[in-house]
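One file, query_11.cif, is given below (mmCIF, C-alpha atoms).
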```
data_target
loop_
_atom_site.label_atom_id
_atom_site.label_comp_id
_atom_site.auth_asym_id
_atom_site.auth_seq_id
_atom_site.Cartn_x
_atom_site.Cartn_y
_atom_site.Cartn_z
CA MET A 1293 -17.16 5.16 -24.00
CA PRO A 1294 -18.25 7.77 -26.53
CA SER A 1295 -18.06 6.44 -30.05
CA SER A 1296 -15.47 9.06 -30.98
CA LEU A 1297 -12.94 7.52 -28.56
CA PRO A 1298 -11.44 4.18 -29.66
CA ASP A 1299 -10.40 1.34 -27.37
CA VAL A 1300 -6.68 2.12 -27.45
CA VAL A 1301 -5.51 -1.01 -25.65
CA LEU A 1302 -7.55 -3.35 -27.85
CA TRP A 1303 -6.24 -1.76 -31.03
CA SER A 1304 -2.67 -1.96 -29.72
CA ILE A 1305 -2.61 -5.70 -28.96
CA PRO A 1306 -1.28 -6.70 -32.41
CA ALA A 1307 1.54 -4.17 -32.01
CA PHE A 1308 2.34 -5.54 -28.53
CA VAL A 1309 2.63 -9.06 -29.90
CA LEU A 1310 4.68 -8.03 -32.95
CA LEU A 1311 7.13 -5.92 -30.96
CA THR A 1312 7.59 -8.65 -28.35
CA VAL A 1313 8.36 -11.23 -31.03
CA ILE A 1314 10.82 -8.86 -32.72
CA GLU A 1315 12.58 -8.19 -29.41
CA MET A 1316 12.81 -11.92 -28.62
CA VAL A 1317 14.24 -12.64 -32.07
CA SER A 1318 16.73 -9.79 -31.69
CA TYR A 1319 18.15 -11.41 -28.56
CA ARG A 1320 18.46 -14.71 -30.43
CA LEU A 1321 20.26 -13.14 -33.37
CA HIS A 1322 22.30 -10.59 -31.42
CA PRO A 1323 22.79 -11.69 -27.79
CA ASP A 1324 23.96 -9.05 -25.36
CA GLU A 1325 25.78 -10.17 -22.23
CA ASP A 1326 25.16 -6.79 -20.61
CA SER A 1327 21.37 -7.06 -20.98
CA ALA A 1328 18.95 -8.95 -18.78
CA GLY A 1329 17.25 -10.35 -21.88
CA TYR A 1330 14.49 -12.98 -21.65
CA ALA A 1331 13.80 -16.03 -19.49
CA ALA A 1332 10.90 -18.30 -20.43
CA LYS A 1333 9.42 -18.65 -16.92
CA ASP A 1334 9.75 -14.94 -16.22
CA ALA A 1335 8.09 -13.98 -19.51
CA ALA A 1336 5.28 -16.50 -18.91
CA THR A 1337 4.66 -15.04 -15.46
CA SER A 1338 4.57 -11.50 -16.83
CA ILE A 1339 2.08 -12.46 -19.55
CA THR A 1340 -0.07 -14.32 -17.01
CA MET A 1341 -0.07 -11.29 -14.73
CA GLY A 1342 -1.15 -9.14 -17.67
CA LEU A 1343 -4.01 -11.44 -18.61
CA GLY A 1344 -5.11 -11.70 -14.99
CA SER A 1345 -5.11 -7.93 -14.64
CA LEU A 1346 -7.66 -7.68 -17.44
CA VAL A 1347 -10.04 -9.88 -15.46
CA PHE A 1348 -9.52 -8.20 -12.09
CA ASP A 1349 -9.57 -4.68 -13.54
CA ALA A 1350 -12.98 -5.45 -15.05
CA LEU A 1351 -14.23 -6.33 -11.55
CA TRP A 1352 -12.72 -3.29 -9.83
CA LYS A 1353 -14.08 -0.97 -12.52
CA ILE A 1354 -17.68 -1.66 -11.47
CA PRO A 1355 -17.55 0.25 -8.15
CA ILE A 1356 -14.97 2.74 -9.44
CA VAL A 1357 -17.08 3.73 -12.45
CA ALA A 1358 -20.07 4.06 -10.11
CA VAL A 1359 -18.14 6.52 -7.92
CA TYR A 1360 -16.84 8.45 -10.92
CA ALA A 1361 -20.31 8.61 -12.44
CA ALA A 1362 -21.76 9.95 -9.18
CA ILE A 1363 -19.09 12.66 -8.95
CA TYR A 1364 -19.58 13.55 -12.61
CA GLU A 1365 -23.33 13.95 -12.10
CA LEU A 1366 -22.84 16.12 -9.03
CA THR A 1367 -20.37 18.57 -10.56
CA PRO A 1368 -21.82 21.40 -12.66
CA LEU A 1369 -18.66 21.52 -14.77
CA ARG A 1370 -18.34 19.88 -18.17
CA VAL A 1371 -15.29 19.46 -20.41
CA PRO A 1372 -16.37 18.72 -23.99
CA ILE A 1373 -14.54 16.04 -25.94
CA LEU A 1374 -13.05 18.08 -28.79
CA TRP A 1375 -9.85 17.97 -30.83
CA TRP A 1376 -8.22 20.61 -28.62
CA THR A 1377 -9.52 19.43 -25.24
CA LEU A 1378 -8.24 15.87 -25.61
CA PRO A 1379 -4.55 16.90 -25.52
CA LEU A 1380 -5.29 18.95 -22.40
CA MET A 1381 -7.01 15.97 -20.77
CA LEU A 1382 -4.05 13.76 -21.68
CA LEU A 1383 -1.73 16.30 -20.09
CA ALA A 1384 -3.84 16.44 -16.92
CA GLN A 1385 -4.08 12.65 -16.73
CA ASP A 1386 -0.30 12.35 -17.10
CA PHE A 1387 0.16 14.87 -14.28
CA PHE A 1388 -2.08 12.92 -11.91
CA TYR A 1389 -0.48 9.67 -13.07
CA TYR A 1390 2.86 11.02 -11.89
CA TRP A 1391 1.51 11.61 -8.38
CA SER A 1392 -0.32 8.27 -8.33
CA HIS A 1393 2.86 6.48 -9.41
CA ARG A 1394 4.98 8.36 -6.89
CA GLY A 1395 2.47 7.66 -4.13
CA HIS A 1396 2.52 3.96 -4.97
CA HIS A 1397 6.27 3.94 -4.31
CA VAL A 1398 6.39 5.80 -1.00
CA ILE A 1399 3.27 4.49 0.81
CA ARG A 1400 3.59 0.82 1.64
CA ILE A 1401 -0.06 -0.21 1.26
CA LEU A 1402 -0.01 1.34 -2.22
CA TRP A 1403 3.39 -0.21 -2.96
CA ALA A 1404 1.82 -3.62 -2.20
CA CYS A 1405 -0.18 -3.12 -5.40
CA HIS A 1406 2.57 -1.63 -7.56
CA VAL A 1407 5.42 -3.92 -6.44
CA VAL A 1408 4.07 -6.51 -8.89
CA HIS A 1409 5.27 -4.44 -11.82
CA HIS A 1410 8.79 -4.24 -10.36
CA SER A 1411 9.11 -7.89 -9.37
CA SER A 1412 10.80 -9.12 -12.56
CA ARG A 1413 14.59 -9.21 -12.78
CA LYS A 1414 14.26 -8.84 -16.55
CA PHE A 1415 13.44 -5.68 -18.46
CA ASN A 1416 11.75 -6.34 -21.76
CA PHE A 1417 8.40 -5.89 -23.45
CA THR A 1418 6.80 -8.68 -21.42
CA THR A 1419 7.75 -6.77 -18.26
CA ALA A 1420 5.33 -4.06 -19.40
CA LEU A 1421 2.57 -6.67 -19.19
CA ARG A 1422 3.36 -7.59 -15.56
CA GLN A 1423 0.47 -5.63 -14.11
CA PRO A 1424 -1.06 -5.81 -10.61
CA TRP A 1425 -4.39 -7.42 -9.80
CA THR A 1426 -5.30 -5.00 -6.99
CA THR A 1427 -5.59 -1.65 -8.74
CA TRP A 1428 -8.35 -0.37 -6.45
CA THR A 1429 -5.74 1.99 -4.95
CA VAL A 1430 -5.33 4.05 -8.13
CA TRP A 1431 -8.73 5.66 -8.72
CA PRO A 1432 -8.67 8.38 -5.97
CA PHE A 1433 -5.80 10.20 -7.68
CA TYR A 1434 -8.01 11.02 -10.68
CA VAL A 1435 -11.05 12.30 -8.79
CA PRO A 1436 -10.00 15.95 -9.43
CA MET A 1437 -10.34 15.39 -13.19
CA ILE A 1438 -13.86 14.01 -12.83
CA ALA A 1439 -14.77 16.83 -10.42
CA CYS A 1440 -13.59 19.33 -13.06
CA GLY A 1441 -16.05 17.88 -15.58
CA VAL A 1442 -13.97 15.29 -17.47
CA HIS A 1443 -16.24 12.44 -18.55
CA PRO A 1444 -15.23 9.08 -17.00
CA ALA A 1445 -14.97 7.60 -20.49
CA ALA A 1446 -12.57 10.36 -21.53
CA LEU A 1447 -10.46 9.64 -18.46
CA ALA A 1448 -10.46 5.94 -19.39
CA PHE A 1449 -9.27 6.84 -22.89
CA CYS A 1450 -6.45 9.01 -21.51
CA SER A 1451 -5.39 6.32 -19.03
CA SER A 1452 -5.36 3.70 -21.78
CA THR A 1453 -3.28 5.96 -24.01
CA ASN A 1454 -0.78 6.47 -21.19
CA LEU A 1455 -0.60 2.71 -20.60
CA VAL A 1456 -0.06 1.95 -24.28
CA TYR A 1457 2.67 4.59 -24.55
CA GLN A 1458 4.60 2.99 -21.70
CA PHE A 1459 4.79 -0.39 -23.43
CA TRP A 1460 7.66 0.57 -25.75
CA ILE A 1461 9.83 2.06 -22.99
CA HIS A 1462 10.26 -1.37 -21.34
CA THR A 1463 13.31 -2.45 -23.32
CA GLU A 1464 17.08 -2.53 -23.20
CA ARG A 1465 17.37 -2.67 -26.99
CA ILE A 1466 16.87 1.08 -27.39
CA GLY A 1467 19.62 3.34 -26.13
CA LYS A 1468 19.40 7.03 -25.45
CA LEU A 1469 17.39 9.08 -27.93
CA PRO A 1470 18.09 12.65 -29.15
CA ARG A 1471 18.36 15.13 -26.29
CA PRO A 1472 15.12 17.07 -26.99
CA ILE A 1473 13.15 13.79 -26.78
CA GLU A 1474 14.98 12.68 -23.65
CA PHE A 1475 14.33 16.07 -22.05
CA VAL A 1476 10.55 16.06 -22.55
CA PHE A 1477 9.37 12.45 -22.86
CA ASN A 1478 9.70 9.30 -20.83
CA THR A 1479 12.06 7.01 -22.74
CA PRO A 1480 13.56 3.52 -22.33
CA SER A 1481 16.64 5.11 -20.75
CA HIS A 1482 14.57 6.97 -18.15
CA HIS A 1483 12.38 3.96 -17.43
CA ARG A 1484 15.32 1.61 -16.99
CA VAL A 1485 16.37 3.86 -14.11
CA HIS A 1486 12.88 3.60 -12.66
CA HIS A 1487 13.02 -0.22 -12.68
CA ALA A 1488 16.56 -0.43 -11.32
CA SER A 1489 17.21 -1.60 -7.75
CA GLN A 1490 20.39 0.38 -7.00
CA GLY A 1491 20.16 2.87 -4.17
CA SER A 1492 20.96 5.88 -6.35
CA TYR A 1493 18.17 4.92 -8.77
CA LEU A 1494 15.46 3.99 -6.25
CA ASP A 1495 12.18 5.95 -6.46
CA ARG A 1496 13.07 7.97 -9.51
CA ASN A 1497 11.54 8.83 -12.90
CA PHE A 1498 7.85 8.33 -12.12
CA GLY A 1499 6.55 9.95 -15.31
CA GLY A 1500 4.18 8.19 -17.68
CA ILE A 1501 4.36 9.89 -21.06
CA LEU A 1502 6.29 12.98 -19.97
CA ILE A 1503 9.46 13.12 -17.89
CA VAL A 1504 9.07 16.86 -17.25
CA TRP A 1505 7.10 16.19 -14.04
CA ASP A 1506 10.15 14.47 -12.57
CA ARG A 1507 12.34 17.36 -13.60
CA LEU A 1508 9.90 19.83 -12.01
CA PHE A 1509 9.38 17.94 -8.75
CA GLY A 1510 12.93 16.74 -8.08
CA SER A 1511 12.61 13.02 -8.78
CA PHE A 1512 14.57 12.82 -12.04
CA VAL A 1513 17.84 10.92 -12.39
CA PRO A 1514 19.55 10.23 -15.75
CA GLU A 1515 20.83 6.80 -16.67
CA THR A 1516 24.56 6.62 -16.04
CA ASP A 1517 25.49 3.25 -14.51
CA ALA A 1518 24.17 -0.09 -15.76
CA CYS A 1519 20.82 -0.95 -14.21
CA VAL A 1520 20.18 -3.98 -12.02
CA PHE A 1521 16.50 -4.85 -12.31
CA GLY A 1522 14.12 -6.30 -9.78
CA LEU A 1523 13.61 -5.64 -6.08
CA THR A 1524 16.24 -4.97 -3.46
CA LYS A 1525 15.16 -8.32 -2.03
CA ASN A 1526 13.74 -10.46 -4.81
CA ILE A 1527 10.84 -12.82 -4.18
CA ASP A 1528 12.20 -15.79 -6.17
CA THR A 1529 8.86 -17.10 -7.40
CA TYR A 1530 7.06 -17.44 -10.71
CA ASN A 1531 3.73 -18.23 -9.04
CA PRO A 1532 1.33 -15.49 -10.25
CA LEU A 1533 -0.75 -15.60 -7.06
CA ARG A 1534 2.32 -15.06 -4.90
CA VAL A 1535 3.61 -12.35 -7.20
CA ALA A 1536 0.25 -10.56 -6.89
CA THR A 1537 -0.08 -10.83 -3.10
CA HIS A 1538 3.36 -11.25 -1.51
CA GLU A 1539 3.63 -7.72 -0.14
CA TYR A 1540 0.12 -7.81 1.33
CA ALA A 1541 1.17 -11.00 3.13
CA ALA A 1542 4.34 -9.28 4.37
CA ILE A 1543 2.28 -6.35 5.70
CA ALA A 1544 -0.02 -8.78 7.53
CA ARG A 1545 2.99 -10.47 9.16
CA ASP A 1546 4.42 -7.12 10.24
CA LEU A 1547 1.06 -6.02 11.68
CA ARG A 1548 0.81 -9.18 13.76
CA ALA A 1549 4.30 -8.57 15.18
CA ALA A 1550 3.81 -4.81 15.69
CA HIS A 1551 3.89 -3.15 19.13
CA GLY A 1552 1.06 -0.66 19.33
CA TRP A 1553 -1.10 1.26 16.89
CA ARG A 1554 1.58 3.78 15.98
CA GLU A 1555 3.80 1.03 14.63
CA ARG A 1556 0.86 -0.60 12.86
CA ALA A 1557 0.05 2.69 11.14
CA GLY A 1558 3.70 3.05 10.13
CA ARG A 1559 3.73 -0.46 8.67
CA ILE A 1560 0.81 0.51 6.43
CA PHE A 1561 1.26 4.17 5.57
CA ARG A 1562 5.01 4.84 5.81
CA GLY A 1563 7.54 3.86 3.18
CA PRO A 1564 8.09 0.19 2.25
CA GLY A 1565 11.44 0.08 4.06
CA TRP A 1566 10.30 1.88 7.20
CA GLN A 1567 11.42 0.37 10.50
CA PRO A 1568 10.47 1.59 14.00
CA THR A 1569 14.10 1.30 15.11
CA ALA A 1570 13.91 3.48 18.21
CA HIS A 1571 10.63 1.90 19.27
CA ARG A 1572 12.03 -1.62 18.95
CA ALA A 1573 15.37 -0.71 20.52
CA SER A 1574 13.60 0.55 23.65
CA ARG A 1575 12.31 -3.00 24.11
CA GLY A 1576 15.65 -4.64 23.35
CA ALA A 1577 14.16 -6.30 20.27
CA VAL A 1578 15.80 -6.79 16.90
CA PRO A 1579 13.83 -4.96 14.17
CA ALA A 1580 11.99 -7.30 11.83
CA GLN A 1581 13.27 -7.43 8.26
CA PRO A 1582 10.92 -5.76 5.76
CA THR A 1583 9.72 -7.66 2.74
CA VAL A 1584 12.14 -5.91 0.40
CA PRO A 1585 14.65 -4.03 2.54
CA ALA A 1586 16.88 -1.36 1.12
CA GLN A 1587 19.87 0.43 2.52
CA PRO A 1588 20.55 3.16 -0.05
CA PRO A 1589 23.59 5.40 0.21
CA ALA A 1590 23.41 8.91 1.53
CA GLN A 1591 20.92 10.98 -0.37
CA SER A 1592 21.81 13.84 -2.60
CA SER A 1593 20.19 17.23 -2.21
CA ALA A 1594 17.98 16.41 -5.19
CA GLN A 1595 16.08 13.68 -3.35
CA PRO A 1596 12.54 14.83 -2.55
CA ALA A 1597 12.00 13.00 0.74
CA ALA A 1598 13.74 10.62 3.07
CA GLU A 1599 11.32 7.81 2.43
CA LEU A 1600 11.72 8.08 -1.33
CA ALA A 1601 14.93 6.05 -1.04
CA THR A 1602 13.35 3.05 0.64
CA ASP A 1603 12.71 -0.52 -0.20
CA ARG A 1604 12.00 -1.66 -3.77
#
```

Represent the structure contained in this file as structure tokens.
Amino acid sequence: MPSSLPDVVLWSIPAFVLLTVIEMVSYRLHPDEDSAGYAAKDAATSITMGLGSLVFDALWKIPIVAVYAAIYELTPLRVPILWWTLPLMLLAQDFFYYWSHRGHHVIRILWACHVVHHSSRKFNFTTALRQPWTTWTVWPFYVPMIACGVHPAALAFCSSTNLVYQFWIHTERIGKLPRPIEFVFNTPSHHRVHHASQGSYLDRNFGGILIVWDRLFGSFVPETDACVFGLTKNIDTYNPLRVATHEYAAIARDLRAAHGWRERAGRIFRGPGWQPTAHRASRGAVPAQPTVPAQPPAQSSAQPAAELATDR
């Protein structure tokens, strides 16, 4: 990474630790029956997943950086790293993050990676650390930035900045902020909705730093009712390996039981709650239960797609 760009995540680790300790102490001093709070095993699993992600991300970065470097060398375009271009690169990265995040909710093979982050029934600063170990599905969404001449190191800086920003929004201890902030930025209130498992909240508020993308593309929902965190069918395990791989295992089971290539493709590329009901009914079979089934209520006109209200 160019010397002018710091390692944002590394510099933020002391703040992560301090804020987590403060939040834990706050629950000790001022318990809240309406909050999910902390559980020792859950927090330990989240921290373990975060540490493991550092190891696996280092492995996945080797081929990904090679692909990015090749694209960067092939494109004649160059975006210089200057004081005024960095905010524009951050804005572009946040835009592509929105579509990456949304894609990882509505395509099951991508959801198998991202489900890890939603697998905790708690919502606190350690939940922010519950990161997947299979992030090889993320890199294609940022190819346009590299093709436009953004240096791979600059993209890494922007991605790290986005990740660090999202740490503080994983909390129930902060209520709604002033309306101008809530309108533009992703906040704890907006992100609680994103982590909630109620049907009306499913597949909403995908933004990273900004919430304006959700407002523009019809996926925004404000926090009104109390949030119930976790999956629509929770996995009931603190085993990090199972947390990291349970949805891949569920996909494999569904593929073995599938009838034909059309159903197999649906099991991989349709939404996480997709069921070939008509196909199974024609054979008199009972549809298999998905890994995390959801039966959300009727959609409002604001919902962007039918499969956006599927299994979480």

Picked residues, the PyMOL selection byres ((chain A and resi 1334) around 10), as number ranges by chain
A: 1330-1333, 1335-1340, 1411-1414, 1418-1419, 1422, 1529-1531

To one decimal in Å, tell me the separation between atom CA of Val1504 of chain A and atom CA of Val1476 of chain A.
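Value for the atom CA of Val1504 of chain A-atom CA of Val1476 of chain A distance: 5.6 Å.
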
Quick one: which residues end up in the PyMOL selection byres ((chain A and resi 1501) around 12) for this structure, as a ChimeraX atom specification?
/A:1382-1390,1450-1461,1473-1480,1482-1483,1497-1500,1502-1506

The PyMOL selection byres ((chain A and resi 1329) around 10) on the file shown: which residues, as a list in words?
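That expression, the PyMOL selection byres ((chain A and resi 1329) around 10), corresponds here to Glu1315, Met1316, Ser1318, Tyr1319, Arg1320, Pro1323, Asp1324, Glu1325, Asp1326, Ser1327, Ala1328, Tyr1330, Ala1331, Arg1413, Lys1414, Phe1415, Asn1416, Thr1463, Glu1464 and Arg1465 of chain A.
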
Nearby residues (all atoms listed in the file) at most 12 Å from Ile1305 of chain A, same-chain spacing under 4 positions excluded, as a count of residues only:
12

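As for atom CA of Ser1392 of chain A and atom CA of Val1435 of chain A, they are spaced 11.5 Å apart.
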
Counting only C-alpha atoms, which residues have an atom no more than 12 Å from (25.3, 0.1, -13.9) in the file's coordinates? Please list them as a ChimeraX atom specification.
/A:1326-1327,1484-1485,1488-1493,1514-1521

Hey, can you check how far atom CA of Ile1373 of chain A sits from atom CA of Pro1298 of chain A?
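Interatomic distance here is 12.8 Å.
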
Which residue is closest to Cys1440 of chain A? Choose from A:Arg1370, A:Arg1559, A:Lys1468, A:Lys1525 and count only C-alpha atoms.
A:Arg1370
